[in-house]
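Structure file entry.cif with mmCIF, C-alpha atoms:
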```cif
data_structure
#
loop_
_atom_site.group_PDB
_atom_site.id
_atom_site.type_symbol
_atom_site.label_atom_id
_atom_site.label_comp_id
_atom_site.auth_asym_id
_atom_site.auth_seq_id
_atom_site.Cartn_x
_atom_site.Cartn_y
_atom_site.Cartn_z
ATOM 1 C CA MET A 1 25.022 1.684 20.706
ATOM 2 C CA GLU A 2 23.178 2.495 17.491
ATOM 3 C CA THR A 3 24.577 1.068 14.305
ATOM 4 C CA ALA A 4 25.180 3.500 11.468
ATOM 5 C CA PHE A 5 22.990 3.028 8.422
ATOM 6 C CA SER A 6 25.969 2.857 6.066
ATOM 7 C CA GLU A 7 27.485 0.081 8.181
ATOM 8 C CA LEU A 8 24.226 -1.867 7.992
ATOM 9 C CA THR A 9 23.784 -1.478 4.279
ATOM 10 C CA MET A 10 27.390 -2.591 3.722
ATOM 11 C CA ASN A 11 26.793 -5.669 5.845
ATOM 12 C CA LYS A 12 23.413 -6.459 4.334
ATOM 13 C CA GLN A 13 22.533 -10.113 4.484
ATOM 14 C CA GLU A 14 21.768 -12.109 1.379
ATOM 15 C CA TYR A 15 18.245 -13.455 1.276
ATOM 16 C CA THR A 16 16.484 -15.897 -1.016
ATOM 17 C CA HIS A 17 12.864 -14.845 -0.655
ATOM 18 C CA ILE A 18 13.008 -11.119 0.031
ATOM 19 C CA ASN A 19 14.711 -8.054 -1.356
ATOM 20 C CA LEU A 20 14.633 -5.099 1.014
ATOM 21 C CA SER A 21 16.069 -2.474 -1.320
ATOM 22 C CA TYR A 22 12.669 -0.806 -1.875
ATOM 23 C CA LEU A 23 11.966 -0.640 1.841
ATOM 24 C CA TYR A 24 15.398 0.905 2.534
ATOM 25 C CA ASP A 25 14.827 3.354 -0.296
ATOM 26 C CA ILE A 26 11.508 4.466 1.200
ATOM 27 C CA ALA A 27 13.071 4.672 4.671
ATOM 28 C CA ASP A 28 15.807 7.007 3.456
ATOM 29 C CA ASN A 29 18.375 6.104 6.138
ATOM 30 C CA ASP A 30 15.874 5.866 8.990
ATOM 31 C CA ILE A 31 16.517 2.501 10.638
ATOM 32 C CA ASP A 32 13.730 2.976 13.174
ATOM 33 C CA PHE A 33 11.279 3.259 10.315
ATOM 34 C CA VAL A 34 12.631 0.077 8.682
ATOM 35 C CA LYS A 35 12.193 -1.739 12.012
ATOM 36 C CA GLU A 36 8.653 -0.427 12.354
ATOM 37 C CA MET A 37 7.693 -1.526 8.846
ATOM 38 C CA ILE A 38 9.195 -5.012 9.225
ATOM 39 C CA THR A 39 7.518 -5.442 12.613
ATOM 40 C CA ASP A 40 4.195 -4.375 11.129
ATOM 41 C CA TYR A 41 4.606 -6.857 8.303
ATOM 42 C CA ILE A 42 5.443 -9.691 10.716
ATOM 43 C CA ILE A 43 2.366 -8.934 12.817
ATOM 44 C CA LYS A 44 -0.187 -8.213 10.104
ATOM 45 C CA VAL A 45 0.608 -10.269 7.011
ATOM 46 C CA PRO A 46 0.127 -13.746 8.579
ATOM 47 C CA VAL A 47 -3.296 -12.608 9.820
ATOM 48 C CA GLN A 48 -4.176 -11.274 6.376
ATOM 49 C CA PHE A 49 -2.996 -14.512 4.745
ATOM 50 C CA THR A 50 -5.161 -16.607 7.087
ATOM 51 C CA GLU A 51 -8.116 -14.339 6.283
ATOM 52 C CA MET A 52 -7.551 -14.932 2.588
ATOM 53 C CA GLN A 53 -7.512 -18.710 3.126
ATOM 54 C CA THR A 54 -10.693 -18.487 5.217
ATOM 55 C CA VAL A 55 -12.687 -16.413 2.733
ATOM 56 C CA PHE A 56 -11.609 -18.754 -0.045
ATOM 57 C CA TRP A 57 -12.723 -21.828 1.950
ATOM 58 C CA GLU A 58 -16.058 -20.041 2.331
ATOM 59 C CA ARG A 59 -16.007 -19.566 -1.463
ATOM 60 C CA ASN A 60 -16.241 -15.816 -1.077
ATOM 61 C CA PHE A 61 -14.454 -14.927 -4.312
ATOM 62 C CA GLU A 62 -15.058 -11.200 -4.034
ATOM 63 C CA GLN A 63 -13.225 -11.055 -0.698
ATOM 64 C CA THR A 64 -10.531 -13.457 -1.931
ATOM 65 C CA HIS A 65 -9.902 -11.052 -4.810
ATOM 66 C CA PHE A 66 -9.917 -8.052 -2.458
ATOM 67 C CA ILE A 67 -7.456 -9.548 0.049
ATOM 68 C CA ALA A 68 -5.161 -10.888 -2.692
ATOM 69 C CA HIS A 69 -5.041 -7.377 -4.120
ATOM 70 C CA LYS A 70 -4.219 -5.851 -0.741
ATOM 71 C CA ILE A 71 -1.696 -8.426 0.467
ATOM 72 C CA LYS A 72 0.202 -8.015 -2.806
ATOM 73 C CA SER A 73 1.228 -4.520 -1.702
ATOM 74 C CA ALA A 74 2.739 -5.875 1.515
ATOM 75 C CA PHE A 75 4.696 -8.474 -0.467
ATOM 76 C CA GLN A 76 5.956 -5.726 -2.788
ATOM 77 C CA PHE A 77 7.292 -3.741 0.178
ATOM 78 C CA VAL A 78 9.634 -6.532 1.198
ATOM 79 C CA GLY A 79 10.453 -7.625 -2.347
ATOM 80 C CA ALA A 80 8.833 -11.056 -1.950
ATOM 81 C CA GLN A 81 8.471 -11.435 -5.701
ATOM 82 C CA GLN A 82 7.299 -15.049 -5.699
ATOM 83 C CA LEU A 83 4.435 -14.088 -3.378
ATOM 84 C CA VAL A 84 3.620 -11.013 -5.459
ATOM 85 C CA GLU A 85 3.166 -13.230 -8.535
ATOM 86 C CA LEU A 86 1.021 -15.765 -6.687
ATOM 87 C CA ALA A 87 -1.167 -13.049 -5.138
ATOM 88 C CA ARG A 88 -1.531 -11.405 -8.543
ATOM 89 C CA ASN A 89 -2.642 -14.728 -10.016
ATOM 90 C CA ILE A 90 -5.173 -15.341 -7.236
ATOM 91 C CA GLU A 91 -6.513 -11.840 -7.797
ATOM 92 C CA ARG A 92 -6.933 -12.594 -11.489
ATOM 93 C CA VAL A 93 -8.498 -16.049 -11.254
ATOM 94 C CA SER A 94 -10.829 -15.061 -8.390
ATOM 95 C CA GLU A 95 -12.812 -13.214 -11.023
ATOM 96 C CA THR A 96 -13.518 -16.479 -12.847
ATOM 97 C CA GLN A 97 -13.899 -18.426 -9.574
ATOM 98 C CA ASP A 98 -11.159 -20.867 -10.580
ATOM 99 C CA ILE A 99 -11.146 -23.026 -7.438
ATOM 100 C CA GLU A 100 -8.399 -25.392 -8.575
ATOM 101 C CA THR A 101 -5.878 -22.644 -9.373
ATOM 102 C CA ILE A 102 -6.597 -20.701 -6.184
ATOM 103 C CA THR A 103 -6.189 -23.891 -4.133
ATOM 104 C CA GLN A 104 -2.823 -24.566 -5.783
ATOM 105 C CA ASP A 105 -1.642 -20.972 -5.417
ATOM 106 C CA LEU A 106 -2.602 -20.759 -1.742
ATOM 107 C CA ALA A 107 -0.813 -24.052 -1.088
ATOM 108 C CA ALA A 108 2.275 -22.729 -2.883
ATOM 109 C CA MET A 109 2.142 -19.488 -0.923
ATOM 110 C CA GLU A 110 1.938 -20.956 2.573
ATOM 111 C CA PRO A 111 5.550 -22.197 2.949
ATOM 112 C CA VAL A 112 6.934 -19.084 1.225
ATOM 113 C CA VAL A 113 4.978 -16.801 3.568
ATOM 114 C CA LYS A 114 6.747 -18.586 6.456
ATOM 115 C CA LEU A 115 10.183 -18.363 4.828
ATOM 116 C CA VAL A 116 9.708 -14.640 4.200
ATOM 117 C CA LEU A 117 8.816 -14.155 7.864
ATOM 118 C CA THR A 118 11.961 -16.032 8.919
ATOM 119 C CA GLU A 119 14.134 -13.847 6.690
ATOM 120 C CA LEU A 120 12.467 -10.666 7.962
ATOM 121 C CA GLN A 121 13.038 -11.763 11.546
ATOM 122 C CA SER A 122 16.662 -12.347 10.657
ATOM 123 C CA GLU A 123 16.938 -8.813 9.232
ATOM 124 C CA LEU A 124 15.234 -7.382 12.289
ATOM 125 C CA SER A 125 17.733 -9.138 14.548
ATOM 126 C CA VAL A 126 20.675 -7.302 12.960
ATOM 127 C CA LEU A 127 19.083 -3.855 12.999
ATOM 128 C CA MET B 1 2.215 23.975 6.786
ATOM 129 C CA LYS B 2 0.213 22.268 4.007
ATOM 130 C CA ARG B 3 -2.084 19.433 5.098
ATOM 131 C CA ILE B 4 -2.629 16.282 3.101
ATOM 132 C CA LEU B 5 -5.430 13.765 3.607
ATOM 133 C CA ILE B 6 -4.459 10.172 2.759
ATOM 134 C CA VAL B 7 -7.229 7.598 2.323
ATOM 135 C CA GLU B 8 -5.611 4.153 2.221
ATOM 136 C CA ASP B 9 -6.578 0.910 3.936
ATOM 137 C CA GLU B 10 -3.277 -0.901 3.457
ATOM 138 C CA ASP B 11 -1.260 -0.265 6.616
ATOM 139 C CA LEU B 12 2.232 -0.477 5.160
ATOM 140 C CA ILE B 13 1.404 1.855 2.288
ATOM 141 C CA LEU B 14 -0.355 4.307 4.576
ATOM 142 C CA LYS B 15 2.597 4.314 6.943
ATOM 143 C CA ALA B 16 5.112 4.755 4.112
ATOM 144 C CA LEU B 17 3.149 7.603 2.524
ATOM 145 C CA GLU B 18 2.790 9.342 5.863
ATOM 146 C CA PHE B 19 6.501 8.926 6.588
ATOM 147 C CA ARG B 20 7.586 10.358 3.240
ATOM 148 C CA LEU B 21 5.131 13.245 3.257
ATOM 149 C CA ARG B 22 6.044 14.269 6.824
ATOM 150 C CA ARG B 23 9.688 14.114 5.804
ATOM 151 C CA ASP B 24 8.850 16.505 2.969
ATOM 152 C CA GLY B 25 7.397 18.914 5.541
ATOM 153 C CA TYR B 26 3.670 18.267 5.218
ATOM 154 C CA ASP B 27 1.087 17.685 7.893
ATOM 155 C CA VAL B 28 -0.803 14.444 7.317
ATOM 156 C CA ILE B 29 -4.321 13.299 8.165
ATOM 157 C CA LYS B 30 -5.159 9.627 7.652
ATOM 158 C CA ALA B 31 -8.334 7.722 6.896
ATOM 159 C CA LYS B 32 -8.255 3.920 6.764
ATOM 160 C CA ASP B 33 -11.297 3.238 4.581
ATOM 161 C CA GLY B 34 -13.696 4.968 2.233
ATOM 162 C CA ARG B 35 -16.241 5.721 4.942
ATOM 163 C CA ASP B 36 -13.675 7.467 7.164
ATOM 164 C CA GLY B 37 -12.345 9.209 4.076
ATOM 165 C CA LEU B 38 -15.750 10.718 3.268
ATOM 166 C CA LYS B 39 -16.128 11.788 6.899
ATOM 167 C CA ALA B 40 -12.690 13.439 6.898
ATOM 168 C CA ILE B 41 -13.521 15.317 3.696
ATOM 169 C CA GLU B 42 -16.590 16.742 5.418
ATOM 170 C CA THR B 43 -14.933 17.658 8.697
ATOM 171 C CA GLU B 44 -11.242 18.358 8.099
ATOM 172 C CA MET B 45 -9.342 21.213 6.491
ATOM 173 C CA PHE B 46 -6.653 20.018 4.086
ATOM 174 C CA ASP B 47 -4.911 21.148 0.907
ATOM 175 C CA LEU B 48 -4.579 17.943 -1.103
ATOM 176 C CA LEU B 49 -6.153 14.485 -1.174
ATOM 177 C CA ILE B 50 -4.356 11.236 -1.932
ATOM 178 C CA THR B 51 -6.698 8.267 -2.164
ATOM 179 C CA ASP B 52 -6.495 4.603 -2.986
ATOM 180 C CA MET B 53 -9.121 3.313 -5.420
ATOM 181 C CA MET B 54 -9.960 -0.051 -3.881
ATOM 182 C CA LEU B 55 -11.233 0.713 -0.388
ATOM 183 C CA PRO B 56 -13.617 -0.953 2.053
ATOM 184 C CA PHE B 57 -17.137 0.538 2.476
ATOM 185 C CA ASN B 58 -16.923 3.415 -0.019
ATOM 186 C CA ASN B 59 -14.574 3.106 -2.985
ATOM 187 C CA GLY B 60 -11.999 5.621 -4.189
ATOM 188 C CA LEU B 61 -14.296 7.008 -6.880
ATOM 189 C CA GLU B 62 -16.809 8.035 -4.228
ATOM 190 C CA VAL B 63 -13.997 9.656 -2.252
ATOM 191 C CA VAL B 64 -12.777 11.619 -5.294
ATOM 192 C CA ASN B 65 -16.334 12.664 -6.132
ATOM 193 C CA LYS B 66 -17.014 13.869 -2.603
ATOM 194 C CA ALA B 67 -13.763 15.850 -2.439
ATOM 195 C CA LYS B 68 -14.515 17.631 -5.706
ATOM 196 C CA GLU B 69 -18.101 18.272 -4.623
ATOM 197 C CA MET B 70 -17.133 19.665 -1.200
ATOM 198 C CA LYS B 71 -13.870 21.466 -1.978
ATOM 199 C CA GLY B 72 -14.435 22.538 -5.567
ATOM 200 C CA LYS B 73 -13.373 21.212 -8.955
ATOM 201 C CA ASN B 74 -9.889 22.746 -8.706
ATOM 202 C CA PHE B 75 -9.121 20.973 -5.435
ATOM 203 C CA PRO B 76 -6.032 18.781 -6.045
ATOM 204 C CA VAL B 77 -6.546 15.022 -5.936
ATOM 205 C CA ILE B 78 -4.032 12.242 -6.552
ATOM 206 C CA VAL B 79 -5.248 8.671 -6.944
ATOM 207 C CA LEU B 80 -3.226 5.622 -6.001
ATOM 208 C CA SER B 81 -3.605 2.527 -8.103
ATOM 209 C CA ASN B 82 -2.051 -0.812 -8.842
ATOM 210 C CA VAL B 83 -1.068 -1.893 -12.309
ATOM 211 C CA GLY B 84 -4.144 -3.449 -13.935
ATOM 212 C CA LEU B 85 -6.612 -0.921 -12.582
ATOM 213 C CA GLU B 86 -6.178 1.565 -15.410
ATOM 214 C CA ASN B 87 -9.931 1.661 -16.106
ATOM 215 C CA VAL B 88 -10.627 2.750 -12.537
ATOM 216 C CA VAL B 89 -7.967 5.462 -12.844
ATOM 217 C CA LEU B 90 -9.640 6.692 -16.028
ATOM 218 C CA ASP B 91 -12.966 6.865 -14.183
ATOM 219 C CA ALA B 92 -11.231 8.872 -11.435
ATOM 220 C CA PHE B 93 -9.885 11.288 -14.045
ATOM 221 C CA LYS B 94 -13.405 11.693 -15.441
ATOM 222 C CA LEU B 95 -14.463 12.759 -11.946
ATOM 223 C CA GLY B 96 -11.693 15.356 -11.892
ATOM 224 C CA ALA B 97 -8.686 13.589 -10.332
ATOM 225 C CA ASP B 98 -5.535 15.534 -11.215
ATOM 226 C CA ASP B 99 -2.827 12.896 -11.128
ATOM 227 C CA TYR B 100 -2.115 9.289 -10.243
ATOM 228 C CA ILE B 101 0.635 7.286 -8.624
ATOM 229 C CA THR B 102 1.169 3.587 -9.242
ATOM 230 C CA LYS B 103 1.827 1.270 -6.310
ATOM 231 C CA PRO B 104 4.471 0.449 -5.199
ATOM 232 C CA PHE B 105 5.158 4.164 -5.326
ATOM 233 C CA SER B 106 8.487 5.840 -5.933
ATOM 234 C CA PRO B 107 9.297 8.277 -3.098
ATOM 235 C CA VAL B 108 10.849 10.778 -5.513
ATOM 236 C CA GLU B 109 7.842 10.640 -7.810
ATOM 237 C CA LEU B 110 5.511 11.147 -4.851
ATOM 238 C CA SER B 111 7.424 14.261 -3.747
ATOM 239 C CA ILE B 112 7.419 15.752 -7.233
ATOM 240 C CA ARG B 113 3.751 15.115 -7.941
ATOM 241 C CA VAL B 114 2.578 16.445 -4.574
ATOM 242 C CA LYS B 115 4.755 19.541 -4.808
ATOM 243 C CA ARG B 116 3.601 20.251 -8.356
ATOM 244 C CA LEU B 117 -0.075 20.129 -7.429
ATOM 245 C CA LEU B 118 0.338 22.156 -4.249
ATOM 246 C CA ASN B 119 2.249 24.867 -6.107
ATOM 247 C CA LYS B 120 -0.306 25.186 -8.901
#
```
Can I see the file as structure tokens?
Amino acid sequence: METAFSELTMNKQEYTHINLSYLYDIADNDIDFVKEMITDYIIKVPVQFTEMQTVFWERNFEQTHFIAHKIKSAFQFVGAQQLVELARNIERVSETQDIETITQDLAAMEPVVKLVLTELQSELSVL
Amino acid sequence: MKRILIVEDEDLILKALEFRLRRDGYDVIKAKDGRDGLKAIETEMFDLLITDMMLPFNNGLEVVNKAKEMKGKNFPVIVLSNVGLENVVLDAFKLGADDYITKPFSPVELSIRVKRLLNK
């Protein structure tokens, strides 16, 4: 049986690394759309993150900047604010080819990317 | 039914824009990079263009330029941009873009801006 949207929003889980209010706002009561967006994120963002690591290891700063800019939008959708800030910083320092800062930021991002995925999977399981 | 061409390479944004615009009663055509965007401008009939600025292959400025060249200077164009890309938005306005929306976009703002331009 389908769960009513109001019931779901009342029983919303508390998360540490994500805030899904923007996504629910965009979805405007359409739970299928929320599921689709979360599933898309779970499939695509880890691939995009690995691509960003790879292009940085290749010292391709133009692509690092480009992917950081793009992945930031995905983080914004799920309210992963810590990741938004790190991606924004990578985007900024890619322009000056600041290897040390990008290395630190990517290292800081990796565990949070995983935690965000875990929380999204948890949300998906109750939808 | 009015048709809107969206040129956006970021999947989640493209999907969200399409969802909201269809909900508002528009038909939507999608292009996932600048090259496909230019091709769609040449081959498709549509009433409004929404384009990202930072796109693979051909950037948003080229897309805006092509739309104005092919469809006329009064053809409505909205550019999508992130905070920090204000200079690019200004360049888009110089090419004739009519409005802009900052990402992450507000669904209400999107509806209002699209409706305003289509009713001009």
>> Select, as a list in words, those residues of chain B with any atom no more than 7 Å from chain A (distances computed using only C-alpha atoms).
In response: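 Here they are: Glu10, Leu12, Pro104 and Pro107 of chain B.
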>> For the PyMOL selection byres ((chain A and resi 123) around 12), applied here, can you spell out every residue it catches as number ranges by chain?
In response: A: 8-9, 11-15, 18-20, 24, 31, 34-35, 37-39, 42, 78, 116-122, 124-127
Listed atoms of region 52-55 of chain A, axis-aligned box, 8 Å per side: centre and edge lengths to one decimal in Å, as JSON?
```
{"center_x": -10.1, "center_y": -16.8, "center_z": 3.9, "size_x": 21.2, "size_y": 19.8, "size_z": 18.6}
```
> In Å, with one decimal, what is the gap from CA of Trp57 (chain A) to CA of Asp33 (chain B)?
Replying inline: 25.2 Å
Neighbour list for Pro76 (chain B) as an mmCIF file with C-alpha atoms, in the coordinates of the input, cut-off 7 Å, all atoms listed in the file, skip fewer than 2 positions in-chain:
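And here is the file that came out, result.cif:
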```
data_model
loop_
_atom_site.group_PDB
_atom_site.id
_atom_site.type_symbol
_atom_site.label_atom_id
_atom_site.label_comp_id
_atom_site.auth_asym_id
_atom_site.auth_seq_id
_atom_site.Cartn_x
_atom_site.Cartn_y
_atom_site.Cartn_z
ATOM 1 C CA LEU B 48 -4.579 17.943 -1.103
ATOM 2 C CA LEU B 49 -6.153 14.485 -1.174
ATOM 3 C CA ASN B 74 -9.889 22.746 -8.706
ATOM 4 C CA ILE B 78 -4.032 12.242 -6.552
ATOM 5 C CA ASP B 98 -5.535 15.534 -11.215
ATOM 6 C CA LEU B 117 -0.075 20.129 -7.429
#
```
